[in-house]
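What follows is a single structure, written as structure tokens, with notes after it.
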Amino acid sequence: GGGGGSGAGAEEISIEEAAVASKALTVQGPQQALCMLKGLKLIENRSWRIPQGWYALHVGGQRNSEWGLKAAEKHPELPSEESLSNFHGAIVGLLYITEQRSLQECGGHQWAYGPVCHVVAGAGGRPRPTE
């Protein structure tokens, strides 16, 4: 599997790719992380620019966070935050960030809030979170 591909989570991530993920991104809410791993959330919003590359996906410890609630609202088919409680404080997978875009360049994507929208081009999950 490479860093490209349109179906996030569709490709297997090689151990070589995983080994280069020396940094992590923390997101709030296990449902938001699951959206990213399943390819439902292909934009990550930050106020700063994330360099291109692989990142470990870490879920923060906050319960009922704004972003977790947004994910649950946009994708009610996902498991509840309660049932994903083992995701809190854990690394749950890997993300590949390919580029940064302005909010205007995101064409009204449902997950684009800006100010900097990062394109998630690949993702891979772990069967069980790692503490």
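Numbering starts fresh at 1 for the residues of each chain in the structure tokens, the chains themselves are lettered A, B, ... in the order given, and ligands are numbered from 1 as they appear.
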
> Skipping near chain neighbours, those fewer than 3 positions away, what residues fall within 6 Å of segment 113-124 of chain A using only C-alpha atoms, listed as a list in words?
Replying inline: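 The residues satisfying every condition are Gly4, Ala8, Gly9, Leu37, Leu42, Ile43, Glu44, Asn45, Arg46, Ser47, Gly93, Leu94, Leu95, Tyr96, Ile97, Thr98, Glu99, Gln100, Arg101, Ser102 and Leu103 of chain A.
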
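Residue-level DSSP output for segment 26-118 of chain A, from the backbone, shows strand (DSSP E) at Thr26, Val27, Ile43, Glu44, Asn45, Arg46, Gly53, Trp54, Tyr55, Ala56, Leu57, His58, Val59, Ile91, Val92, Gly93, Leu94, Leu95, Tyr96, Ile97, Thr98, Glu99, Gln100, Arg101, Ser102, Val116, Cys117 and His118 of chain A.
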
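When DSSP is run on the backbone, the residues of chain A that fall into alpha helix (DSSP H) are Ile15, Glu16, Glu17, Ala18, Ala19, Pro30, Gln31, Gln32, Ala33, Leu34, Cys35, Met36, Leu37, Glu66, Trp67, Gly68, Leu69, Lys70, Ala71, Ala72, Glu73 and Lys74 of chain A.
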
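Counting only C-alpha atoms, the residue from A:Ala112, A:Ile91, A:Cys106, A:Ala21 that sits nearest to Tyr55 of chain A is A:Ala21.
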
Segment 62-71 of chain A surroundings by only C-alpha atoms, 10 Å radius, close-in-sequence under 4 positions cut, as a PDB file with N, CA and C atoms, in the first residue's frame:
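result-v7.pdb, freshly written:
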ATOM      1  N   VAL A  27      -6.953  13.975  18.187  1.00  0.00           N
ATOM      2  CA  VAL A  27      -8.294  14.443  17.861  1.00  0.00           C
ATOM      3  C   VAL A  27      -9.190  14.175  19.062  1.00  0.00           C
ATOM      4  N   GLN A  28     -10.260  14.939  19.165  1.00  0.00           N
ATOM      5  CA  GLN A  28     -11.188  14.768  20.276  1.00  0.00           C
ATOM      6  C   GLN A  28     -12.366  13.893  19.833  1.00  0.00           C
ATOM      7  N   GLY A  29     -12.675  12.902  20.645  1.00  0.00           N
ATOM      8  CA  GLY A  29     -13.826  12.047  20.392  1.00  0.00           C
ATOM      9  C   GLY A  29     -13.479  10.807  19.604  1.00  0.00           C
ATOM     10  N   PRO A  30     -13.781   9.641  20.175  1.00  0.00           N
ATOM     11  CA  PRO A  30     -13.488   8.389  19.474  1.00  0.00           C
ATOM     12  C   PRO A  30     -14.261   8.246  18.164  1.00  0.00           C
ATOM     13  N   GLN A  31     -15.455   8.818  18.090  1.00  0.00           N
ATOM     14  CA  GLN A  31     -16.222   8.711  16.843  1.00  0.00           C
ATOM     15  C   GLN A  31     -15.571   9.514  15.725  1.00  0.00           C
ATOM     16  N   GLN A  32     -14.957  10.659  16.072  1.00  0.00           N
ATOM     17  CA  GLN A  32     -14.242  11.425  15.053  1.00  0.00           C
ATOM     18  C   GLN A  32     -13.065  10.604  14.519  1.00  0.00           C
ATOM     19  N   ALA A  33     -12.317   9.958  15.413  1.00  0.00           N
ATOM     20  CA  ALA A  33     -11.192   9.124  14.985  1.00  0.00           C
ATOM     21  C   ALA A  33     -11.689   7.980  14.100  1.00  0.00           C
ATOM     22  N   LEU A  34     -12.794   7.366  14.490  1.00  0.00           N
ATOM     23  CA  LEU A  34     -13.339   6.265  13.696  1.00  0.00           C
ATOM     24  C   LEU A  34     -13.770   6.758  12.310  1.00  0.00           C
ATOM     25  N   CYS A  35     -14.338   7.957  12.237  1.00  0.00           N
ATOM     26  CA  CYS A  35     -14.695   8.550  10.942  1.00  0.00           C
ATOM     27  C   CYS A  35     -13.460   8.666  10.054  1.00  0.00           C
ATOM     28  N   MET A  36     -12.356   9.074  10.632  1.00  0.00           N
ATOM     29  CA  MET A  36     -11.119   9.229   9.863  1.00  0.00           C
ATOM     30  C   MET A  36     -10.601   7.871   9.397  1.00  0.00           C
ATOM     31  N   LEU A  40     -14.565   8.394   6.316  1.00  0.00           N
ATOM     32  CA  LEU A  40     -15.758   9.249   6.330  1.00  0.00           C
ATOM     33  C   LEU A  40     -15.391  10.708   6.570  1.00  0.00           C
ATOM     34  N   LYS A  41     -14.244  10.932   7.172  1.00  0.00           N
ATOM     35  CA  LYS A  41     -13.750  12.296   7.436  1.00  0.00           C
ATOM     36  C   LYS A  41     -12.387  12.418   6.766  1.00  0.00           C
ATOM     37  N   HIS A  75     -22.650  11.043  11.436  1.00  0.00           N
ATOM     38  CA  HIS A  75     -22.619   9.612  11.121  1.00  0.00           C
ATOM     39  C   HIS A  75     -23.253   8.807  12.259  1.00  0.00           C
ATOM     40  N   PRO A  76     -24.594   8.847  12.351  1.00  0.00           N
ATOM     41  CA  PRO A  76     -25.282   8.154  13.445  1.00  0.00           C
ATOM     42  C   PRO A  76     -25.118   6.629  13.417  1.00  0.00           C
ATOM     43  N   LEU A  78     -22.366   5.090  13.457  1.00  0.00           N
ATOM     44  CA  LEU A  78     -21.167   4.714  14.221  1.00  0.00           C
ATOM     45  C   LEU A  78     -21.539   4.245  15.619  1.00  0.00           C
ATOM     46  N   SER A  80     -21.533   4.105  19.687  1.00  0.00           N
ATOM     47  CA  SER A  80     -21.605   5.217  20.650  1.00  0.00           C
ATOM     48  C   SER A  80     -20.232   5.492  21.246  1.00  0.00           C
ATOM     49  N   GLU A  81     -20.066   6.705  21.765  1.00  0.00           N
ATOM     50  CA  GLU A  81     -18.807   7.057  22.441  1.00  0.00           C
ATOM     51  C   GLU A  81     -18.563   6.120  23.617  1.00  0.00           C
ATOM     52  N   GLU A  82     -19.644   5.779  24.326  1.00  0.00           N
ATOM     53  CA  GLU A  82     -19.520   4.852  25.456  1.00  0.00           C
ATOM     54  C   GLU A  82     -18.896   3.529  25.038  1.00  0.00           C
ATOM     55  N   SER A  85     -15.111   3.698  24.473  1.00  0.00           N
ATOM     56  CA  SER A  85     -14.396   4.379  25.561  1.00  0.00           C
ATOM     57  C   SER A  85     -12.930   3.961  25.659  1.00  0.00           C
ATOM     58  N   HIS A  88     -10.237   6.463  24.200  1.00  0.00           N
ATOM     59  CA  HIS A  88      -9.768   7.670  24.892  1.00  0.00           C
ATOM     60  C   HIS A  88      -8.348   7.471  25.398  1.00  0.00           C
ATOM     61  N   GLY A  89      -7.474   8.443  25.062  1.00  0.00           N
ATOM     62  CA  GLY A  89      -6.086   8.397  25.513  1.00  0.00           C
ATOM     63  C   GLY A  89      -5.238   7.368  24.788  1.00  0.00           C
ATOM     64  N   TRP A 111     -16.853  18.356   6.293  1.00  0.00           N
ATOM     65  CA  TRP A 111     -15.915  18.397   7.409  1.00  0.00           C
ATOM     66  C   TRP A 111     -14.955  19.577   7.327  1.00  0.00           C
TER      67      TRP A 111
END

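Minimum atom-to-atom distance to Trp54 of chain A, evaluated using only C-alpha atoms, belongs to A:Val20 out of A:Phe87, A:Pro79, A:Val20, A:Gly39.
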
> Expressed in Å to a single decimal, how great is the separation between atom CA of Gly60 of chain A and atom CA of Gly108 of chain A?
Replying inline: 26.9 Å
